[in-house]
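Here's target-v8.txt, which has compact mmCIF, C-alpha atoms:
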# COMPACT_ATOMS: atom_id res chain seq x y z
CA MET A 198 79.41 113.31 45.65
CA ASN A 199 80.08 109.81 46.77
CA GLN A 200 78.81 108.97 50.24
CA GLN A 201 81.73 107.96 52.46
CA SER A 202 81.34 104.89 54.59
CA MET A 203 82.84 103.71 57.84
CA LYS A 204 83.43 100.26 59.30
CA ILE A 205 82.31 99.41 62.81
CA ASP A 206 83.35 96.26 64.68
CA ILE A 207 80.88 95.16 67.31
CA LEU A 208 81.45 92.47 69.91
CA ARG A 209 78.32 90.35 69.82
CA TYR A 210 77.02 87.77 72.23
CA ARG A 211 73.66 86.00 71.94
CA PRO A 212 73.29 83.83 75.06
CA GLU A 213 70.78 81.46 73.48
CA MET A 214 73.14 80.66 70.55
CA ASP A 215 76.72 81.57 71.42
CA ASP A 216 79.19 80.05 73.86
CA LYS A 217 81.40 83.09 73.70
CA PRO A 218 81.33 86.58 72.16
CA PHE A 219 82.45 87.17 68.56
CA THR A 220 83.14 90.25 66.45
CA GLN A 221 80.80 91.31 63.65
CA THR A 222 81.72 94.07 61.21
CA PHE A 223 79.19 96.56 59.87
CA GLU A 224 79.62 99.26 57.26
CA ILE A 225 77.53 102.40 57.59
CA PRO A 226 77.34 105.71 55.72
CA TYR A 227 79.63 108.19 57.44
CA LYS A 228 78.35 111.52 58.71
CA ALA A 229 80.55 113.90 60.70
CA ASP A 230 77.82 114.73 63.21
CA MET A 231 76.81 111.13 63.85
CA SER A 232 77.31 109.84 67.38
CA ILE A 233 78.26 106.24 68.16
CA LEU A 234 74.75 105.76 69.56
CA GLU A 235 73.19 107.01 66.31
CA ALA A 236 75.46 104.66 64.40
CA LEU A 237 74.14 101.76 66.50
CA GLN A 238 70.58 102.90 65.83
CA TYR A 239 71.36 103.02 62.11
CA ILE A 240 72.66 99.46 62.27
CA LYS A 241 69.59 98.27 64.17
CA ASP A 242 67.18 100.03 61.78
CA HIS A 243 68.87 99.19 58.49
CA LEU A 244 71.39 96.36 58.81
CA ASP A 245 70.71 93.98 61.68
CA SER A 246 67.65 94.31 63.88
CA THR A 247 68.88 91.66 66.33
CA ILE A 248 71.63 93.82 67.79
CA SER A 249 71.04 94.86 71.42
CA PHE A 250 72.23 97.98 73.22
CA ARG A 251 70.91 100.29 75.92
CA TRP A 252 70.01 103.91 75.45
CA SER A 253 67.44 106.49 76.45
CA CYS A 254 68.11 110.23 76.59
CA ARG A 255 70.72 110.72 73.83
CA MET A 256 72.23 113.63 75.76
CA ALA A 257 74.53 112.31 78.50
CA ILE A 258 71.92 112.53 81.22
CA CYS A 259 70.51 109.03 81.63
CA GLY A 260 73.80 107.10 81.75
CA SER A 261 72.41 104.12 79.79
CA CYS A 262 74.60 103.95 76.69
CA GLY A 263 78.02 103.31 78.22
CA LEU A 264 80.27 101.06 76.12
CA MET A 265 83.90 100.52 75.21
CA VAL A 266 84.91 102.55 72.15
CA ASP A 267 88.31 101.34 70.93
CA GLY A 268 88.92 100.03 74.45
CA ILE A 269 88.01 103.22 76.29
CA PRO A 270 84.79 103.52 78.33
CA LYS A 271 82.56 106.20 76.81
CA LEU A 272 78.92 107.18 76.48
CA GLY A 273 77.69 106.27 72.99
CA CYS A 274 75.81 109.56 72.78
CA LYS A 275 78.86 111.61 73.71
CA ALA A 276 81.35 109.94 71.35
CA PHE A 277 81.34 110.78 67.64
CA LEU A 278 82.32 108.92 64.48
CA ARG A 279 84.37 111.91 63.28
CA ASP A 280 86.91 111.30 66.05
CA TYR A 281 87.66 107.84 64.63
CA PHE A 282 87.04 108.30 60.89
CA PRO A 283 88.47 107.14 58.47
CA ASN A 284 89.70 104.32 60.70
CA LYS A 285 87.52 101.47 61.83
CA VAL A 286 86.00 101.79 65.28
CA THR A 287 85.55 98.88 67.71
CA LEU A 288 82.59 98.73 70.08
CA GLU A 289 82.46 96.36 73.01
CA PRO A 290 80.23 96.10 76.08
CA LEU A 291 81.52 97.92 79.18
CA ALA A 292 84.56 96.14 80.57
CA ASN A 293 84.55 94.51 84.02
CA PHE A 294 80.85 93.70 83.86
CA PRO A 295 79.37 90.37 82.69
CA ILE A 296 77.78 90.54 79.22
CA GLU A 297 74.02 90.01 79.18
CA ARG A 298 73.65 90.28 75.40
CA ASP A 299 75.67 92.10 72.73
CA LEU A 300 76.47 95.56 74.17
CA VAL A 301 74.22 95.12 77.21
CA VAL A 302 75.97 94.31 80.49
CA VAL A 303 74.75 93.02 83.86
CA MET A 304 75.00 95.93 86.29
CA ASP A 305 73.42 94.28 89.34
CA ASP A 306 76.64 94.33 91.35
CA PHE A 307 77.11 98.05 90.73
CA ILE A 308 73.50 98.86 91.66
CA GLN A 309 73.82 96.81 94.84
CA LYS A 310 76.95 98.76 95.80
CA LEU A 311 75.15 102.04 95.24
CA GLU A 312 72.43 100.87 97.63
CA GLU A 313 74.91 99.61 100.22
CA ILE A 314 76.47 102.99 100.91
CA LYS A 315 73.19 104.43 102.25
CA PRO A 316 72.69 107.02 99.48
CA TYR A 317 70.20 109.21 101.31
CA ILE A 318 70.31 111.92 103.95
CA ILE A 319 70.34 110.41 107.43
CA PRO A 320 69.03 113.13 109.74
CA ASP A 321 70.52 113.98 113.11
CA LYS A 322 68.61 112.17 115.82
CA THR A 323 70.33 113.64 118.85
CA GLY A 324 69.25 116.39 121.24
CA SER A 325 66.85 119.06 120.07
CA LYS A 326 67.02 117.82 116.47
CA GLU A 327 65.47 114.50 117.45
CA LYS A 328 61.98 115.21 116.31
CA LYS A 329 62.11 117.91 113.70
CA CYS A 330 58.58 118.39 112.41
CA LEU A 331 57.89 118.84 108.68
CA SER A 332 56.20 122.16 109.49
CA GLU A 333 59.54 123.49 110.73
CA GLY A 334 60.56 123.64 107.08
CA PRO A 335 63.45 122.22 105.08
CA TYR A 336 67.04 121.81 106.19
CA LYS A 337 68.69 124.94 104.89
CA GLN A 338 72.08 125.06 103.29
CA THR A 339 74.39 127.85 102.15
CA PRO A 340 75.89 127.82 98.63
CA GLU A 341 79.25 127.18 100.27
CA GLN A 342 77.95 124.12 102.09
CA MET A 343 76.50 122.85 98.82
CA GLU A 344 79.78 123.44 96.96
CA LYS A 345 81.49 120.91 99.28
CA TYR A 346 79.61 117.98 97.77
CA LYS A 347 78.04 119.25 94.53
CA LYS A 348 80.69 117.79 92.22
CA PHE A 349 80.20 114.32 93.71
CA SER A 350 76.43 114.55 93.26
CA MET A 351 76.60 114.87 89.47
CA CYS A 352 76.95 111.11 88.89
CA ILE A 353 74.55 109.53 86.36
CA ASN A 354 75.40 105.92 87.29
CA CYS A 355 76.65 105.07 83.81
CA GLY A 356 79.31 102.69 85.13
CA LEU A 357 82.16 104.00 82.96
CA CYS A 358 84.36 104.41 86.04
CA TYR A 359 83.90 100.74 86.96
CA ALA A 360 84.90 99.77 83.43
CA ALA A 361 88.01 101.95 83.84
CA CYS A 362 89.00 100.61 87.25
CA PRO A 363 91.66 97.83 87.24
CA GLN A 364 91.09 97.25 90.96
CA TYR A 365 87.44 96.44 90.29
CA ALA A 366 88.53 94.26 87.37
CA LEU A 367 90.85 92.29 89.64
CA ASP A 368 88.37 91.98 92.52
CA THR A 369 84.71 92.89 92.23
CA LYS A 370 84.42 93.00 96.03
CA PHE A 371 85.89 96.51 95.85
CA THR A 372 83.10 99.03 96.49
CA GLY A 373 84.31 100.99 93.48
CA PRO A 374 84.51 104.58 92.23
CA ALA A 375 80.92 105.74 91.70
CA ALA A 376 79.55 104.23 94.92
CA LEU A 377 82.38 105.73 96.99
CA ALA A 378 81.94 109.12 95.29
CA LEU A 379 78.24 108.96 96.17
CA LEU A 380 79.17 108.03 99.72
CA ALA A 381 81.44 111.09 99.87
CA ARG A 382 78.59 113.18 98.49
CA TYR A 383 76.39 112.30 101.49
CA ASN A 384 79.15 112.42 104.11
CA ARG A 385 80.05 115.93 102.95
CA ASP A 386 76.46 117.16 103.03
CA SER A 387 75.85 119.55 105.95
CA ARG A 388 72.31 118.18 106.44
CA ASP A 389 73.51 114.62 106.87
CA ALA A 390 74.45 112.94 110.14
CA GLY A 391 75.16 109.44 108.82
CA THR A 392 78.95 109.74 108.57
CA ALA A 393 79.63 107.34 111.46
CA GLU A 394 77.46 104.65 109.81
CA ARG A 395 79.09 105.10 106.42
CA MET A 396 82.65 105.17 107.76
CA LYS A 397 82.25 101.47 108.54
CA ILE A 398 81.96 100.88 104.78
CA VAL A 399 84.76 103.34 103.99
CA ASN A 400 87.24 101.81 106.45
CA GLN A 401 86.99 98.28 105.06
CA GLU A 402 89.60 96.71 102.83
CA GLU A 403 86.87 96.62 100.15
CA GLY A 404 86.15 100.28 100.91
CA VAL A 405 88.57 103.08 100.08
CA TRP A 406 91.62 100.93 100.84
CA GLY A 407 90.85 98.76 97.82
CA CYS A 408 91.76 101.79 95.69
CA THR A 409 95.37 102.17 94.56
CA PHE A 410 94.79 105.58 92.96
CA VAL A 411 95.05 104.55 89.34
CA GLY A 412 92.93 107.63 88.65
CA TYR A 413 91.48 106.53 85.30
CA CYS A 414 87.92 106.64 86.72
CA SER A 415 88.12 110.43 86.93
CA VAL A 416 89.50 110.64 83.39
CA VAL A 417 86.64 108.70 81.78
CA CYS A 418 83.81 110.20 83.89
CA PRO A 419 81.50 112.02 81.44
CA LYS A 420 80.15 114.31 84.18
CA GLY A 421 83.39 115.47 85.83
CA VAL A 422 82.53 113.80 89.13
CA ASP A 423 86.16 112.93 89.99
CA PRO A 424 85.59 109.69 91.93
CA ALA A 425 89.36 109.25 92.41
CA GLY A 426 89.41 112.59 94.23
CA ALA A 427 86.44 111.58 96.38
CA ILE A 428 88.17 108.33 97.35
CA GLN A 429 91.44 110.06 98.30
CA LEU A 430 89.51 112.48 100.51
CA LEU A 431 87.75 109.53 102.11
CA LYS A 432 91.14 107.89 102.71
CA VAL A 433 92.13 110.98 104.69
CA GLU A 434 88.89 110.72 106.68
CA SER A 435 89.42 107.00 107.22
CA SER A 436 92.95 107.61 108.54
CA LYS A 437 91.62 110.26 110.94
CA ASP A 438 88.91 107.85 112.03
CA TYR A 439 91.55 105.21 112.74
CA LEU A 440 93.77 107.59 114.74
CA ILE A 441 90.89 108.91 116.80
CA GLY A 442 89.76 105.32 117.40
CA MET A 443 93.19 104.49 118.86
CA PHE A 444 92.78 107.07 121.60
CA LYS A 445 89.07 106.58 122.19
CA PRO A 446 88.50 102.84 122.45
CA GLU A 447 84.89 101.71 122.43
CA MET B 288 62.60 79.04 80.96
CA SER B 289 65.13 81.83 81.08
CA LYS B 290 67.79 81.83 78.38
CA ARG B 291 69.96 84.17 80.43
CA LYS B 292 73.62 83.20 80.40
CA PRO B 293 75.75 86.20 81.37
CA TYR B 294 79.25 85.92 79.97
CA THR B 295 82.16 86.98 82.16
CA ARG B 296 85.23 88.08 80.24
CA GLU B 297 88.62 87.21 81.68
CA LEU B 298 91.07 89.96 82.46
CA PRO B 299 94.18 89.34 80.32
CA THR B 300 97.40 89.34 82.35
CA ASP B 301 98.80 92.05 80.08
CA TRP B 302 95.85 94.41 80.70
CA TRP B 303 98.23 97.15 81.79
CA MET B 304 100.14 97.01 78.49
CA LYS B 305 97.09 97.74 76.37
CA GLN B 306 96.57 101.31 77.46
CA LEU B 307 99.24 103.97 78.00
CA PHE B 308 97.43 105.30 81.08
CA TYR B 309 97.62 101.91 82.82
CA THR B 310 101.23 101.41 81.72
CA LYS B 311 102.23 104.74 83.27
CA TYR B 312 100.39 103.76 86.44
CA MET B 313 102.24 100.44 86.60
CA ILE B 314 105.58 102.23 86.16
CA ARG B 315 104.61 104.54 89.02
CA GLU B 316 103.74 101.56 91.21
CA GLY B 317 106.71 99.54 89.96
CA SER B 318 109.09 102.33 90.96
CA SER B 319 108.66 101.08 94.53
CA VAL B 320 110.74 97.99 93.67
CA PHE B 321 113.83 100.05 92.82
CA ILE B 322 113.22 102.48 95.66
CA THR B 323 113.09 99.51 98.06
CA ILE B 324 116.42 98.23 96.66
CA TYR B 325 117.91 101.70 97.12
CA SER B 326 116.66 101.88 100.72
CA LEU B 327 118.12 98.46 101.49
CA ILE B 328 121.53 99.49 100.08
CA LEU B 329 121.37 102.61 102.24
CA ALA B 330 120.38 100.62 105.34
CA TRP B 331 123.23 98.22 104.61
CA GLY B 332 125.58 101.22 104.60
CA VAL B 333 124.42 102.25 108.07
CA LEU B 334 125.03 98.70 109.28
CA ARG B 335 128.55 98.76 107.81
CA LEU B 336 129.17 102.12 109.51
CA ILE B 337 128.48 100.52 112.90
CA GLN B 338 131.01 97.78 112.08
CA GLY B 339 133.83 100.30 111.75
CA GLU B 340 135.81 102.33 109.25
CA VAL B 341 137.16 99.43 107.17
CA ALA B 342 133.71 97.94 106.67
CA PHE B 343 132.22 101.33 105.76
CA ASN B 344 134.99 102.08 103.25
CA ALA B 345 134.45 98.67 101.64
CA TRP B 346 130.77 99.55 101.27
CA MET B 347 131.68 102.92 99.74
CA THR B 348 133.99 101.19 97.23
CA SER B 349 131.31 98.68 96.30
CA LEU B 350 129.00 101.59 95.41
CA GLN B 351 131.41 102.62 92.66
CA SER B 352 130.90 99.44 90.69
CA PRO B 353 129.09 99.94 87.33
CA VAL B 354 126.16 97.79 88.47
CA ALA B 355 125.69 99.91 91.61
CA ILE B 356 125.81 103.10 89.54
CA ILE B 357 123.24 101.78 87.04
CA VAL B 358 120.91 100.65 89.84
CA HIS B 359 121.17 104.07 91.48
CA LEU B 360 120.52 105.88 88.21
CA ILE B 361 117.42 103.77 87.56
CA ALA B 362 116.24 104.37 91.14
CA LEU B 363 116.80 108.12 90.73
CA GLY B 364 114.87 108.22 87.45
CA LEU B 365 111.96 106.25 88.89
CA ALA B 366 111.94 108.29 92.11
CA LEU B 367 111.72 111.49 90.07
CA TYR B 368 108.95 109.97 87.91
CA HIS B 369 107.05 108.95 91.03
CA THR B 370 107.52 112.39 92.54
CA ILE B 371 106.27 114.25 89.47
CA THR B 372 103.23 111.99 88.95
CA TRP B 373 102.45 111.98 92.67
CA PHE B 374 102.67 115.77 92.98
CA SER B 375 100.32 116.17 90.01
CA LEU B 376 97.79 113.94 91.81
CA ALA B 377 98.24 115.65 95.19
CA PRO B 378 95.37 118.17 94.78
CA LYS B 379 92.90 115.26 94.75
CA ALA B 380 93.83 114.34 98.32
CA VAL B 381 93.82 117.91 99.66
CA ASP B 382 90.61 119.48 100.88
CA LEU B 383 91.56 122.99 101.92
CA TRP B 384 88.93 125.71 101.79
CA ILE B 385 89.78 129.36 102.24
CA LYS B 386 87.01 131.96 102.44
CA GLY B 387 84.46 129.56 101.00
CA LYS B 388 86.59 128.53 98.03
CA ARG B 389 88.62 125.40 97.47
CA LEU B 390 92.33 126.05 97.30
CA ASN B 391 93.44 126.14 93.67
CA ASP B 392 95.09 122.95 92.39
CA LYS B 393 98.08 124.92 91.07
CA VAL B 394 98.79 126.33 94.53
CA ILE B 395 98.83 122.83 96.03
CA VAL B 396 101.14 121.43 93.32
CA THR B 397 103.46 124.45 93.50
CA GLY B 398 103.52 124.14 97.29
CA HIS B 399 104.69 120.55 96.96
CA TYR B 400 107.49 121.51 94.58
CA ALA B 401 108.52 124.38 96.86
CA ALA B 402 108.68 122.02 99.85
CA PHE B 403 110.62 119.50 97.72
CA ALA B 404 113.15 122.17 96.69
CA GLY B 405 113.38 123.45 100.27
CA ALA B 406 114.04 119.97 101.67
CA THR B 407 116.66 119.27 98.96
CA VAL B 408 118.54 122.51 99.68
CA PHE B 409 118.37 121.84 103.43
CA CYS B 410 119.78 118.31 102.99
CA LEU B 411 122.55 119.58 100.69
CA LEU B 412 123.51 122.24 103.25
CA VAL B 413 123.63 119.65 106.04
CA ILE B 414 125.85 117.37 103.91
CA MET B 415 128.15 120.15 102.66
CA LEU B 416 128.67 122.06 105.90

Here is the file; what I need is its structure written in the form of C-alpha cells.
Amino acid sequence: MNQQSMKIDILRYRPEMDDKPFTQTFEIPYKADMSILEALQYIKDHLDSTISFRWSCRMAICGSCGLMVDGIPKLGCKAFLRDYFPNKVTLEPLANFPIERDLVVVMDDFIQKLEEIKPYIIPDKTGSKEKKCLSEGPYKQTPEQMEKYKKFSMCINCGLCYAACPQYALDTKFTGPAALALLARYNRDSRDAGTAERMKIVNQEEGVWGCTFVGYCSVVCPKGVDPAGAIQLLKVESSKDYLIGMFKPE
Amino acid sequence: MSKRKPYTRELPTDWWMKQLFYTKYMIREGSSVFITIYSLILAWGVLRLIQGEVAFNAWMTSLQSPVAIIVHLIALGLALYHTITWFSLAPKAVDLWIKGKRLNDKVIVTGHYAAFAGATVFCLLVIML
C-alpha cells in the first residue's frame, strides 16, 4: 500500500539571517496516530535539522509545546494530524508573543506576570496565628475548601490563553488570563491570607478590568482551568472591594 | 555577541474577522452601538412627552417611518443576541455553593431565562392594564 503523505506549512524565523518570518512547506509520511509534535520531530530528524521548537513531556503536562495550529493555540502533543488530514496544516509560533526563533517564542513577559501576582501562600500574621511553629503541623483543609480553587490550580503555564486573548494582543500591559487565574487560585485558598495584597493587582485597569470577557482563553485551555471564569469572579470581588472602600475610607 | 533579535508580529486590524469566535464576540460588543441608539430614541421620546401632547404625537409618528422600524428591528435582534450569549456566559460570574457543591451551570442559566420571562410578562401587564 502506498504511504500517504501530508503537507505542513511552518512559519520560520532565523534571527541571524532573516529580517522577517517566512513560510516553509514540508511533506511528511502521514500516520493517523501522529501528533503535531511528533510531526515536528520527524521533520527535525529527517528533513531539516535547523528547525527549532520547544517540547519536553509529550503528554500535556509540561506546557512547553504550545503553538498555533491553523491559527488556533494548541499543544503540539495534544493535537493530531488526523484532525487536519488530508488538508495541509499550518504551524506558527504562539500568537501575541515575540518570536525568538522558528516556533520558539519569548515568554519573559508572561513569566514576569506570573511572579507579580504573588503565587504562593501568604500566611495569616495576625493574632494567635502570628507565629505558627512548624511542629504544629500543616495547615489543614477540607475537600470542600480545596474544591473552591482546585480548577484554577491546574494551569501548566503553556501560554495558550495569552495567544487566544485579543486584549493581551492589543495591550501587553494587561495581566492576562493565566496569571489572573493563578491569582484567583491563591485568593480562594483557605490557608492564604494575602487577598488584600493581591486585590491591589486585581483592581488595576491592567488587572481584571483589562478583560472584556472574550472568553476564548477558557476555550483553548488544554487543562480546563477556565481563566475567563476566574477573572469574572475576581471582577465581582473587585467591585465588592470598591464598594466597601467607599464606606470605609483609609 | 548575542544574535538574539526577537520578532514582534503586528496585529492585523481585521484580527476579529479571521476567527468565528472573535467575530461573534465583536457582534456581541458591537450590539451596544444599536442599543445606545435605541436608548437615545427612547430618551428623546420622554423629552417630547414633557413638551406636550403635540410634540409626543409627532415623535410617535416619526417612529413609524421605515428607517425607524428597521433600526428598531436591528436593535431588537442584537439585544436578543446579546441576551442569549450573555446568559450562556453568566455561570462564569456566579460563585454560589450549596451544601459544599457549586450550583449547576444549567440552574444559573435557566434562572436567568426565568427572570427574563418574568420581567417581560410584568412589563407587558403594566403596559396593557

Please report as a PDB file with C-alpha atoms, in the frame of the given file which residues of chain A come no farther than 10 Å from chain B, using only C-alpha atoms.
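Full text of part-v3.pdb as output:
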ATOM      1  CA  TYR A 210      77.020  87.770  72.230  1.00  0.00           C
ATOM      2  CA  ARG A 211      73.660  86.000  71.940  1.00  0.00           C
ATOM      3  CA  PRO A 212      73.290  83.830  75.060  1.00  0.00           C
ATOM      4  CA  GLU A 213      70.780  81.460  73.480  1.00  0.00           C
ATOM      5  CA  MET A 214      73.140  80.660  70.550  1.00  0.00           C
ATOM      6  CA  ASP A 215      76.720  81.570  71.420  1.00  0.00           C
ATOM      7  CA  ASP A 216      79.190  80.050  73.860  1.00  0.00           C
ATOM      8  CA  LYS A 217      81.400  83.090  73.700  1.00  0.00           C
ATOM      9  CA  PRO A 218      81.330  86.580  72.160  1.00  0.00           C
ATOM     10  CA  GLY A 268      88.920 100.030  74.450  1.00  0.00           C
ATOM     11  CA  ILE A 269      88.010 103.220  76.290  1.00  0.00           C
ATOM     12  CA  ALA A 292      84.560  96.140  80.570  1.00  0.00           C
ATOM     13  CA  ASN A 293      84.550  94.510  84.020  1.00  0.00           C
ATOM     14  CA  PHE A 294      80.850  93.700  83.860  1.00  0.00           C
ATOM     15  CA  PRO A 295      79.370  90.370  82.690  1.00  0.00           C
ATOM     16  CA  ILE A 296      77.780  90.540  79.220  1.00  0.00           C
ATOM     17  CA  GLU A 297      74.020  90.010  79.180  1.00  0.00           C
ATOM     18  CA  ARG A 298      73.650  90.280  75.400  1.00  0.00           C
ATOM     19  CA  VAL A 301      74.220  95.120  77.210  1.00  0.00           C
ATOM     20  CA  VAL A 302      75.970  94.310  80.490  1.00  0.00           C
ATOM     21  CA  VAL A 303      74.750  93.020  83.860  1.00  0.00           C
ATOM     22  CA  PRO A 340      75.890 127.820  98.630  1.00  0.00           C
ATOM     23  CA  GLU A 341      79.250 127.180 100.270  1.00  0.00           C
ATOM     24  CA  GLN A 342      77.950 124.120 102.090  1.00  0.00           C
ATOM     25  CA  GLU A 344      79.780 123.440  96.960  1.00  0.00           C
ATOM     26  CA  LYS A 345      81.490 120.910  99.280  1.00  0.00           C
ATOM     27  CA  ALA A 361      88.010 101.950  83.840  1.00  0.00           C
ATOM     28  CA  CYS A 362      89.000 100.610  87.250  1.00  0.00           C
ATOM     29  CA  PRO A 363      91.660  97.830  87.240  1.00  0.00           C
ATOM     30  CA  ALA A 366      88.530  94.260  87.370  1.00  0.00           C
ATOM     31  CA  LEU A 367      90.850  92.290  89.640  1.00  0.00           C
ATOM     32  CA  THR A 409      95.370 102.170  94.560  1.00  0.00           C
ATOM     33  CA  PHE A 410      94.790 105.580  92.960  1.00  0.00           C
ATOM     34  CA  VAL A 411      95.050 104.550  89.340  1.00  0.00           C
ATOM     35  CA  GLY A 412      92.930 107.630  88.650  1.00  0.00           C
ATOM     36  CA  TYR A 413      91.480 106.530  85.300  1.00  0.00           C
ATOM     37  CA  VAL A 416      89.500 110.640  83.390  1.00  0.00           C
ATOM     38  CA  ASP A 423      86.160 112.930  89.990  1.00  0.00           C
ATOM     39  CA  PRO A 424      85.590 109.690  91.930  1.00  0.00           C
ATOM     40  CA  ALA A 425      89.360 109.250  92.410  1.00  0.00           C
ATOM     41  CA  GLY A 426      89.410 112.590  94.230  1.00  0.00           C
ATOM     42  CA  ALA A 427      86.440 111.580  96.380  1.00  0.00           C
ATOM     43  CA  ILE A 428      88.170 108.330  97.350  1.00  0.00           C
ATOM     44  CA  GLN A 429      91.440 110.060  98.300  1.00  0.00           C
ATOM     45  CA  LEU A 430      89.510 112.480 100.510  1.00  0.00           C
ATOM     46  CA  LEU A 431      87.750 109.530 102.110  1.00  0.00           C
ATOM     47  CA  LYS A 432      91.140 107.890 102.710  1.00  0.00           C
ATOM     48  CA  VAL A 433      92.130 110.980 104.690  1.00  0.00           C
TER      49      VAL A 433
END

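Between atom CA of Cys414 of chain A and atom CA of Asp299 of chain A the interatomic distance comes to 23.6 Å.
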
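Once segment 341-355 of chain B and its same-chain neighbours fewer than 4 positions away are set aside, Phe321, Ile324, Tyr325, Ile328, Leu329, Ala330, Trp331, Gly332, Val333, Leu334, Arg335, Leu336, Ile337, His359, Leu360, Ile361 and Ala362 of chain B remain within 12 Å of it when counting all atoms listed in the file.
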
Surrounding residues of segment 238-243 of chain A excluding itself and chain neighbours under 5 positions, 8 Å, all atoms listed in the file, as a CSV table (one decimal) with C-alpha atoms, in the coordinates of the input:
chain,number,residue,atom,x,y,z
A,223,PHE,CA,79.2,96.6,59.9
A,225,ILE,CA,77.5,102.4,57.6
A,248,ILE,CA,71.6,93.8,67.8

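Taking atom CA of Ile441 of chain A and atom CA of Ile398 of chain A as endpoints, the distance between them is 17.0 Å.
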
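In this model, the gap between atom CA of Asp245 of chain A and atom CA of Lys204 of chain A comes to 14.4 Å.
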
Item checked: Residues within 12 Å of (69.5, 114.1, 71.3), counting only C-alpha atoms, listed as a PyMOL selection string -> chain A and resi 230-232+234-235+252-259+273-275
